[in-house]
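Colleague: final-v6.txt is reproduced in full below (compact mmCIF, C-alpha atoms and all ligand atoms).
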```
# COMPACT_ATOMS: atom_id res chain seq x y z
CA MET A 1 -38.40 62.37 -78.20
CA ILE A 2 -37.86 61.25 -81.78
CA LYS A 3 -36.32 64.02 -83.86
CA VAL A 4 -37.74 64.20 -87.35
CA VAL A 5 -36.84 66.21 -90.45
CA LEU A 6 -39.48 66.22 -93.17
CA ILE A 7 -38.64 66.89 -96.80
CA GLY A 8 -41.54 68.08 -98.96
CA SER A 9 -44.56 70.33 -98.77
CA GLY A 10 -47.09 68.55 -100.98
CA ASN A 11 -50.24 66.59 -100.12
CA VAL A 12 -48.61 63.94 -97.90
CA ALA A 13 -46.04 66.28 -96.32
CA SER A 14 -48.72 68.84 -95.36
CA HIS A 15 -50.71 66.23 -93.45
CA LEU A 16 -47.60 64.75 -91.86
CA ILE A 17 -46.52 68.21 -90.67
CA GLN A 18 -49.87 68.68 -88.97
CA SER A 19 -49.65 65.33 -87.15
CA LEU A 20 -45.94 65.47 -86.33
CA LYS A 21 -46.00 68.97 -84.89
CA ASN A 22 -48.97 68.17 -82.63
CA ASN A 23 -47.37 65.09 -81.10
CA ASN A 24 -45.70 65.37 -77.69
CA SER A 25 -43.34 62.44 -78.33
CA ILE A 26 -42.03 63.85 -81.61
CA ASP A 27 -39.83 66.83 -82.25
CA LEU A 28 -40.38 68.07 -85.80
CA VAL A 29 -36.99 69.74 -86.06
CA GLN A 30 -37.24 71.09 -89.59
CA VAL A 31 -39.10 70.94 -92.88
CA TYR A 32 -37.42 71.32 -96.28
CA THR A 33 -39.36 72.89 -99.13
CA ARG A 34 -38.36 74.48 -102.42
CA SER A 35 -40.63 77.42 -101.70
CA LYS A 36 -41.34 78.78 -98.21
CA LYS A 37 -44.70 80.06 -99.44
CA SER A 38 -46.05 76.52 -99.76
CA LEU A 39 -45.77 76.10 -95.97
CA GLU A 40 -47.22 79.47 -94.99
CA ASN A 41 -49.21 79.18 -91.72
CA LYS A 42 -48.45 75.46 -91.47
CA ILE A 43 -45.34 75.63 -89.30
CA ASP A 44 -43.15 78.13 -87.48
CA THR A 45 -41.06 79.79 -90.25
CA THR A 46 -37.82 79.29 -88.28
CA LYS A 47 -38.27 75.56 -88.84
CA ILE A 48 -38.43 75.87 -92.63
CA THR A 49 -35.38 75.57 -94.87
CA THR A 50 -35.03 75.82 -98.64
CA GLU A 51 -31.40 74.63 -98.61
CA PHE A 52 -30.36 71.00 -98.28
CA SER A 53 -27.01 72.21 -96.95
CA SER A 54 -28.84 73.69 -93.93
CA LEU A 55 -30.60 70.47 -92.95
CA LYS A 56 -30.34 69.77 -89.24
CA GLU A 57 -29.44 66.57 -87.40
CA ALA A 58 -32.37 64.26 -86.67
CA ASP A 59 -33.16 60.61 -85.93
CA ILE A 60 -35.36 60.14 -88.98
CA TYR A 61 -35.54 61.95 -92.34
CA ILE A 62 -38.86 61.52 -94.13
CA ILE A 63 -38.75 62.18 -97.88
CA ALA A 64 -42.31 62.98 -99.01
CA VAL A 65 -41.70 64.21 -102.54
CA SER A 66 -42.78 63.10 -106.04
CA ASP A 67 -41.63 59.54 -106.76
CA LYS A 68 -39.36 60.55 -109.62
CA VAL A 69 -37.22 62.86 -107.45
CA ILE A 70 -36.85 60.66 -104.32
CA GLU A 71 -33.47 59.39 -105.51
CA ASP A 72 -32.15 62.88 -106.26
CA VAL A 73 -33.42 64.26 -102.94
CA SER A 74 -31.81 61.37 -101.03
CA ASN A 75 -28.48 62.25 -102.65
CA GLN A 76 -28.73 65.78 -101.28
CA ILE A 77 -29.08 64.89 -97.61
CA PRO A 78 -25.77 66.09 -96.13
CA PHE A 79 -25.48 63.26 -93.57
CA SER A 80 -24.48 59.60 -93.52
CA ASN A 81 -25.66 56.67 -91.47
CA LYS A 82 -29.01 58.31 -90.67
CA LEU A 83 -32.38 56.62 -91.06
CA VAL A 84 -33.92 57.99 -94.27
CA VAL A 85 -37.37 56.83 -95.38
CA HIS A 86 -39.65 57.69 -98.27
CA THR A 87 -43.46 57.66 -98.40
CA SER A 88 -44.01 56.00 -101.77
CA GLY A 89 -46.25 52.99 -102.33
CA THR A 90 -44.20 51.58 -105.18
CA MET A 91 -40.58 52.80 -105.13
CA ASP A 92 -37.92 50.50 -103.67
CA TYR A 93 -35.95 51.91 -100.73
CA LYS A 94 -32.83 50.89 -102.65
CA ILE A 95 -33.27 53.83 -105.04
CA MET A 96 -32.14 56.09 -102.18
CA ASN A 97 -28.50 56.85 -101.49
CA PRO A 98 -26.86 53.92 -99.60
CA LYS A 99 -24.72 56.29 -97.51
CA ASN A 100 -27.78 56.36 -95.20
CA LYS A 101 -29.84 53.58 -93.60
CA ARG A 102 -32.95 53.30 -95.73
CA GLY A 103 -36.59 52.46 -95.24
CA VAL A 104 -40.20 53.11 -96.17
CA PHE A 105 -42.93 54.99 -94.31
CA TYR A 106 -45.94 54.55 -96.60
CA PRO A 107 -49.26 55.98 -95.42
CA LEU A 108 -51.95 54.03 -97.25
CA GLN A 109 -54.56 56.72 -97.72
CA THR A 110 -55.55 59.34 -100.28
CA PHE A 111 -54.20 62.73 -99.21
CA SER A 112 -55.23 66.08 -100.67
CA LYS A 113 -54.00 69.32 -99.14
CA ASN A 114 -57.46 70.78 -98.67
CA LYS A 115 -59.14 67.74 -97.18
CA GLU A 116 -58.69 66.89 -93.51
CA ILE A 117 -57.53 63.38 -92.59
CA HIS A 118 -57.79 61.52 -89.29
CA MET A 119 -54.17 60.31 -89.14
CA GLN A 120 -54.89 57.88 -86.27
CA SER A 121 -56.91 55.80 -88.78
CA VAL A 122 -54.34 55.83 -91.57
CA PRO A 123 -52.59 52.47 -92.07
CA PHE A 124 -48.80 52.95 -92.10
CA CYS A 125 -46.77 50.35 -94.02
CA LEU A 126 -43.21 50.16 -92.75
CA GLU A 127 -40.06 48.60 -94.10
CA THR A 128 -36.41 49.04 -93.11
CA GLU A 129 -33.21 47.90 -94.73
CA ASN A 130 -31.77 46.94 -91.32
CA GLU A 131 -33.81 45.11 -88.72
CA GLU A 132 -32.39 47.30 -85.91
CA ASP A 133 -33.93 50.45 -87.46
CA TYR A 134 -37.44 49.02 -87.52
CA ASN A 135 -38.12 49.73 -83.87
CA VAL A 136 -37.65 53.50 -84.04
CA LEU A 137 -39.71 53.75 -87.25
CA GLU A 138 -42.46 51.73 -85.59
CA ILE A 139 -42.44 54.00 -82.53
CA LEU A 140 -42.77 57.01 -84.82
CA ALA A 141 -45.65 55.44 -86.77
CA LYS A 142 -47.45 54.30 -83.61
CA ASN A 143 -47.34 57.86 -82.32
CA LEU A 144 -49.26 58.95 -85.41
CA SER A 145 -51.61 56.05 -86.04
CA LYS A 146 -53.33 53.06 -84.49
CA LEU A 147 -52.73 51.04 -87.67
CA VAL A 148 -49.09 50.10 -88.23
CA TYR A 149 -47.95 47.19 -90.41
CA LYS A 150 -44.63 45.60 -91.33
CA ILE A 151 -44.89 45.25 -95.10
CA ASP A 152 -42.12 44.24 -97.52
CA GLY A 153 -41.51 45.87 -100.90
CA LYS A 154 -43.42 43.28 -102.95
CA GLN A 155 -46.44 43.43 -100.60
CA ARG A 156 -46.37 47.24 -100.60
CA LYS A 157 -46.34 47.39 -104.39
CA SER A 158 -49.35 45.05 -104.56
CA LEU A 159 -51.12 47.17 -101.93
CA HIS A 160 -50.41 50.26 -104.01
CA ILE A 161 -51.86 48.62 -107.14
CA SER A 162 -54.92 47.61 -105.09
CA ALA A 163 -55.17 51.18 -103.81
CA VAL A 164 -55.09 52.49 -107.37
CA PHE A 165 -58.04 50.22 -108.21
CA VAL A 166 -60.14 50.80 -105.07
CA SER A 167 -59.47 54.52 -104.72
CA ASN A 168 -58.01 56.27 -107.78
CA PHE A 169 -59.98 54.28 -110.37
CA VAL A 170 -63.17 54.26 -108.31
CA ASN A 171 -62.87 58.03 -107.91
CA HIS A 172 -62.51 58.39 -111.67
CA ILE A 173 -65.65 56.30 -112.08
CA TYR A 174 -67.39 58.78 -109.71
CA HIS A 175 -66.24 61.50 -112.09
CA ILE A 176 -67.88 59.72 -115.02
CA GLY A 177 -71.10 59.38 -113.00
CA HIS A 178 -70.85 63.05 -112.07
CA GLU A 179 -70.46 64.06 -115.72
CA LEU A 180 -73.41 61.93 -116.87
CA CYS A 181 -75.60 63.45 -114.14
CA LYS A 182 -74.58 66.97 -115.09
CA LYS A 183 -75.27 66.36 -118.77
CA ASN A 184 -78.79 65.13 -117.97
CA ASN A 185 -79.62 67.73 -115.31
CA VAL A 186 -79.83 65.36 -112.36
CA PRO A 187 -78.05 66.13 -109.10
CA PHE A 188 -75.05 63.87 -108.42
CA ALA A 189 -76.25 63.78 -104.78
CA ILE A 190 -78.97 61.29 -105.79
CA LEU A 191 -76.17 58.72 -106.21
CA GLN A 192 -74.68 59.37 -102.75
CA PRO A 193 -76.69 56.68 -100.85
CA LEU A 194 -75.72 54.13 -103.53
CA ILE A 195 -72.05 55.08 -103.27
CA GLU A 196 -72.18 54.76 -99.48
CA GLU A 197 -74.03 51.42 -99.50
CA THR A 198 -71.57 49.99 -102.06
CA ALA A 199 -68.67 50.84 -99.73
CA ASN A 200 -70.52 49.62 -96.62
CA LYS A 201 -71.60 46.31 -98.13
CA ILE A 202 -68.06 45.01 -98.50
CA LYS A 203 -67.58 45.22 -94.73
CA THR A 204 -69.76 42.11 -94.42
CA LEU A 205 -69.71 40.55 -97.91
CA THR A 206 -66.78 39.85 -100.24
CA PRO A 207 -66.74 42.20 -103.26
CA LEU A 208 -67.65 39.23 -105.45
CA GLN A 209 -70.67 38.40 -103.25
CA ALA A 210 -71.70 42.05 -103.25
CA GLN A 211 -71.64 42.44 -107.05
CA THR A 212 -74.97 43.33 -108.71
CA GLY A 213 -75.88 44.92 -112.05
CA PRO A 214 -76.36 43.98 -115.70
CA ALA A 215 -72.86 42.48 -116.16
CA ILE A 216 -73.16 39.83 -113.42
CA ARG A 217 -76.78 39.11 -114.47
CA ASN A 218 -75.67 38.74 -118.09
CA ASP A 219 -78.37 41.19 -119.10
CA GLU A 220 -77.26 41.62 -122.73
CA ASN A 221 -80.20 43.81 -123.72
CA ILE A 222 -79.47 46.37 -120.99
CA ILE A 223 -75.73 46.32 -121.67
CA GLU A 224 -76.37 47.08 -125.34
CA GLN A 225 -78.71 49.95 -124.50
CA HIS A 226 -76.12 51.43 -122.15
CA LEU A 227 -73.37 51.16 -124.75
CA GLU A 228 -75.59 52.80 -127.35
CA ALA A 229 -76.43 55.66 -124.99
CA LEU A 230 -72.78 56.34 -124.10
CA GLN A 231 -71.35 58.89 -126.53
CA ASN A 232 -67.86 59.18 -125.10
CA THR A 233 -65.83 56.39 -126.74
CA THR A 234 -63.40 56.15 -123.81
CA TYR A 235 -66.28 55.59 -121.39
CA LYS A 236 -67.89 53.11 -123.80
CA ASP A 237 -64.61 51.19 -123.94
CA LEU A 238 -64.30 51.28 -120.15
CA TYR A 239 -67.90 50.05 -119.73
CA GLN A 240 -67.18 47.09 -122.03
CA LYS A 241 -63.89 46.21 -120.33
CA LEU A 242 -65.37 46.40 -116.82
CA THR A 243 -68.38 44.32 -117.93
CA LEU A 244 -66.03 41.62 -119.24
CA SER A 245 -63.94 41.76 -116.07
CA ILE A 246 -67.05 41.29 -113.87
CA GLN A 247 -68.23 38.37 -116.02
CA HIS A 248 -64.77 36.81 -115.94
CA ALA A 249 -64.53 37.16 -112.13
CA LYS A 250 -67.90 35.38 -111.79
CA LYS A 251 -66.61 32.37 -113.75
CA LEU A 252 -63.39 31.95 -111.72
N1 LIG B 1 -51.15 61.91 -102.24
C1 LIG B 1 -51.39 60.71 -101.82
O1 LIG B 1 -52.56 60.37 -101.66
C2 LIG B 1 -50.27 59.77 -101.44
C3 LIG B 1 -50.58 58.70 -100.58
C4 LIG B 1 -49.55 57.86 -100.15
C5 LIG B 1 -48.25 58.07 -100.59
N2 LIG B 1 -47.98 59.09 -101.47
C6 LIG B 1 -46.57 59.26 -101.87
O2 LIG B 1 -46.03 60.37 -101.15
C7 LIG B 1 -45.07 61.06 -101.98
C8 LIG B 1 -45.51 62.50 -102.15
O3 LIG B 1 -46.78 62.52 -102.78
P1 LIG B 1 -47.71 63.83 -102.75
O4 LIG B 1 -49.05 63.40 -103.21
O5 LIG B 1 -47.55 64.53 -101.46
O6 LIG B 1 -47.03 64.66 -103.91
P2 LIG B 1 -47.29 66.19 -104.28
O7 LIG B 1 -48.45 66.75 -103.54
O8 LIG B 1 -47.27 66.25 -105.76
O9 LIG B 1 -46.00 66.90 -103.70
C9 LIG B 1 -44.75 66.62 -104.25
C10 LIG B 1 -43.68 67.30 -103.43
O10 LIG B 1 -42.43 67.02 -104.05
C11 LIG B 1 -41.70 68.21 -104.14
N3 LIG B 1 -40.76 68.16 -105.26
C12 LIG B 1 -41.03 67.91 -106.58
N4 LIG B 1 -39.89 67.97 -107.29
C13 LIG B 1 -38.90 68.24 -106.42
C14 LIG B 1 -37.50 68.41 -106.54
N5 LIG B 1 -36.89 68.29 -107.74
N6 LIG B 1 -36.79 68.69 -105.43
C15 LIG B 1 -37.38 68.81 -104.23
N7 LIG B 1 -38.71 68.64 -104.03
C16 LIG B 1 -39.45 68.36 -105.12
C17 LIG B 1 -42.76 69.27 -104.36
O11 LIG B 1 -42.23 70.53 -104.08
P3 LIG B 1 -42.93 71.89 -104.64
O12 LIG B 1 -44.15 72.06 -103.78
O13 LIG B 1 -41.87 72.88 -104.42
O14 LIG B 1 -43.26 71.63 -106.08
C18 LIG B 1 -43.81 68.82 -103.35
O15 LIG B 1 -43.47 69.22 -102.05
C19 LIG B 1 -45.00 60.26 -103.28
O16 LIG B 1 -43.96 59.32 -103.17
C20 LIG B 1 -46.34 59.55 -103.36
O17 LIG B 1 -46.28 58.36 -104.10
C21 LIG B 1 -48.95 59.93 -101.88
```
Go through the file and emit its structure as structure tokens.
Modeller:
Amino acid sequence: MIKVVLIGSGNVASHLIQSLKNNNSIDLVQVYTRSKKSLENKIDTTKITTEFSSLKEADIYIIAVSDKVIEDVSNQIPFSNKLVVHTSGTMDYKIMNPKNKRGVFYPLQTFSKNKEIHMQSVPFCLETENEEDYNVLEILAKNLSKLVYKIDGKQRKSLHISAVFVSNFVNHIYHIGHELCKKNNVPFAILQPLIEETANKIKTLTPLQAQTGPAIRNDENIIEQHLEALQNTTYKDLYQKLTLSIQHAKKL
């Protein structure tokens, strides 16, 4: 049994709690949160602590808190020589206190508290400061997911940037589409088959091969009409920049 202490109660931590506590090979010893209320009904209350000084002994400490406080949280772990990992896509493990053995346990997925996730299909990107710690982290990850990768810091950062483009930015683009639909009294659901086909297409074609639309066709007349119709200057600017980026990608 791998003993795990989880620190955090946000989007990632909530999903990890669910998967860790339901796994027979893992003993989720304790969860740290600043407010017990945030973990109501998620885990047995005897396993929750709000004090770093009360943290229990474990094999692995997972820090799943906001990026800017990972360093501070790592300083508050009252143990040395333990394996401590964070879940960030970009932060270096070296920001954490060197009194412990450090690593990264990055789940490459978009997590929101109120949306279920199938953890077995979440890619886990692992990195450890010491080679000998990799094995135990890999066993932990393989208990949660079928997709486990050894990824170094530079690769992870580039994956995170890619994830921002293909998930966070794409989702924002959905928001723009949603707003335009609402403004013109058309249901956003009409766009659903297009959204699904766009995502499905790139399973068999490269994104460049799959590209359609006025930008790749160099349809200046349509592009101008679209820019004229867009009232929001930020969206207009975004439309122009994305059009240029598509046209540039075509030339490369
Ligand atoms: N969400 C994603 O899709 C996703 C995906 C992969 C990786 N990650 C990474 O996972 C980590 C957590 O992200 P998240 O989305 O779960 O964040 P989140 O939902 O915003 O939760 C942040 C957590 O940090 C805690 N926290 C904030 N300041 C703190 C402090 N000073 N001391 C102790 N705890 C503090 C919060 O506690 P309170 O609840 O008490 O405020 C909360 O539990 C980040 O490194 C992020 O980059 C996120």
Colleague: Select the residues contacting ligand LIG 1 (chain B) at a distance of at most 6 Å, based on all atoms listed in the file, then format the selection as a list in words.
Modeller: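 Counting all atoms listed in the file, the residues within 6 Å of ligand LIG 1 (chain B) come out as Gly8, Ser9, Gly10, Asn11, Val12, Ala13, Thr33, Arg34, Ser35, Ala64, Val65, Ser66, Asp67, Val69, Thr87, Ser88, Gly89, Tyr106, Pro107, Leu108, Gln109, Thr110 and Phe111 of chain A.
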Colleague: Could you turn the residues from that selection into a file that holds C-alpha atoms, as a PDB file, in the frame of the given file?
Modeller:
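Resulting contents of result-v1.pdb:
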```
ATOM      1  CA  GLY A   8     -41.540  68.080 -98.960  1.00  0.00           C
ATOM      2  CA  SER A   9     -44.560  70.330 -98.770  1.00  0.00           C
ATOM      3  CA  GLY A  10     -47.090  68.550-100.980  1.00  0.00           C
ATOM      4  CA  ASN A  11     -50.240  66.590-100.120  1.00  0.00           C
ATOM      5  CA  VAL A  12     -48.610  63.940 -97.900  1.00  0.00           C
ATOM      6  CA  ALA A  13     -46.040  66.280 -96.320  1.00  0.00           C
ATOM      7  CA  THR A  33     -39.360  72.890 -99.130  1.00  0.00           C
ATOM      8  CA  ARG A  34     -38.360  74.480-102.420  1.00  0.00           C
ATOM      9  CA  SER A  35     -40.630  77.420-101.700  1.00  0.00           C
ATOM     10  CA  ALA A  64     -42.310  62.980 -99.010  1.00  0.00           C
ATOM     11  CA  VAL A  65     -41.700  64.210-102.540  1.00  0.00           C
ATOM     12  CA  SER A  66     -42.780  63.100-106.040  1.00  0.00           C
ATOM     13  CA  ASP A  67     -41.630  59.540-106.760  1.00  0.00           C
ATOM     14  CA  VAL A  69     -37.220  62.860-107.450  1.00  0.00           C
ATOM     15  CA  THR A  87     -43.460  57.660 -98.400  1.00  0.00           C
ATOM     16  CA  SER A  88     -44.010  56.000-101.770  1.00  0.00           C
ATOM     17  CA  GLY A  89     -46.250  52.990-102.330  1.00  0.00           C
ATOM     18  CA  TYR A 106     -45.940  54.550 -96.600  1.00  0.00           C
ATOM     19  CA  PRO A 107     -49.260  55.980 -95.420  1.00  0.00           C
ATOM     20  CA  LEU A 108     -51.950  54.030 -97.250  1.00  0.00           C
ATOM     21  CA  GLN A 109     -54.560  56.720 -97.720  1.00  0.00           C
ATOM     22  CA  THR A 110     -55.550  59.340-100.280  1.00  0.00           C
ATOM     23  CA  PHE A 111     -54.200  62.730 -99.210  1.00  0.00           C
TER      24      PHE A 111
END
```
Colleague: Which residues are close to Phe79 in chain A, i.e. within 12 Å by all atoms listed in the file, leaving aside same-chain residues fewer than 6 positions away? Reply as a list in words.
Modeller: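 Non-adjacent residues within range: Phe52, Ser53, Ser54, Leu55, Lys56, Glu57, Ala58, Asp59, Ile60, Tyr61, Asn97, Pro98, Lys99, Asn100 and Lys101 of chain A.
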Colleague: For range 210-223 of chain A, list every protein, DNA or RNA residue within 7 Å, evaluated using all atoms listed in the file, and leave out those in the same chain fewer than 2 positions away; present the list as a compact mmCIF listing (two decimals) with C-alpha atoms, keeping the file's coordinate frame.
Modeller:
```txt
# COMPACT_ATOMS: atom_id res chain seq x y z
CA LYS A 201 -71.60 46.31 -98.13
CA ILE A 202 -68.06 45.01 -98.50
CA LEU A 205 -69.71 40.55 -97.91
CA THR A 206 -66.78 39.85 -100.24
CA PRO A 207 -66.74 42.20 -103.26
CA LEU A 208 -67.65 39.23 -105.45
CA GLN A 225 -78.71 49.95 -124.50
CA HIS A 226 -76.12 51.43 -122.15
CA LEU A 227 -73.37 51.16 -124.75
CA THR A 243 -68.38 44.32 -117.93
CA ILE A 246 -67.05 41.29 -113.87
CA GLN A 247 -68.23 38.37 -116.02
```
Colleague: Could you tell me how far CA of His86 in chain A sits from CA of Leu137 in chain A, in Å to one decimal place?
Modeller: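 Taking CA of Leu137 in chain A and CA of His86 in chain A, their separation equals 11.7 Å.
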Colleague: How far is it from CA of Cys125 in chain A to CA of Val148 in chain A, in Å with one decimal?
Modeller: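 These atoms are spaced 6.2 Å apart.
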Colleague: Can you tell me which residues surround Met1 in chain A at a distance of at most 9 Å, considering only C-alpha atoms, apart from same-chain residues fewer than 5 positions away, and format the answer as JSON, numbers by chain?
Modeller: {"A": [24, 25, 26, 27]}
Colleague: Keeping only C-alpha atoms, take the residues you just selected and write them out as a PDB file, in the coordinates of the input.
Modeller:
```pdb
ATOM      1  CA  ASN A  24     -45.700  65.370 -77.690  1.00  0.00           C
ATOM      2  CA  SER A  25     -43.340  62.440 -78.330  1.00  0.00           C
ATOM      3  CA  ILE A  26     -42.030  63.850 -81.610  1.00  0.00           C
ATOM      4  CA  ASP A  27     -39.830  66.830 -82.250  1.00  0.00           C
TER       5      ASP A  27
END
```
Colleague: Considering only C-alpha atoms, return as a list in words whatever protein or nucleic-acid residues lie within 12 Å of Val164 in chain A, sequence-local ones (same chain, fewer than 4 positions apart) excluded.
Modeller: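 Those residues are Gly89, Thr90, Leu108, Gln109, Thr110, Lys157, Ser158, Leu159, His160, Asn168, Phe169, Val170, Asn171 and His172 of chain A.
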Colleague: Please indicate the distance in Å from CA of Ser14 in chain A to CA of Leu39 in chain A, rounded to one decimal place.
Modeller: 7.9 Å
Colleague: Here is a test: counting only C-alpha atoms, which residue of A:Lys37, A:Thr128, A:Gln30, A:Ser74 is nearest to Asp152 in chain A?
Modeller: A:Thr128
Colleague: Compare A:His248, A:Lys203, A:Lys3, A:Arg156 by their minimum atom-to-atom distance to Met91 in chain A, counting all atoms listed in the file, and give me the closest one.
Modeller: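 Ranked by minimum distance to Met91 in chain A, first place goes to A:Arg156.
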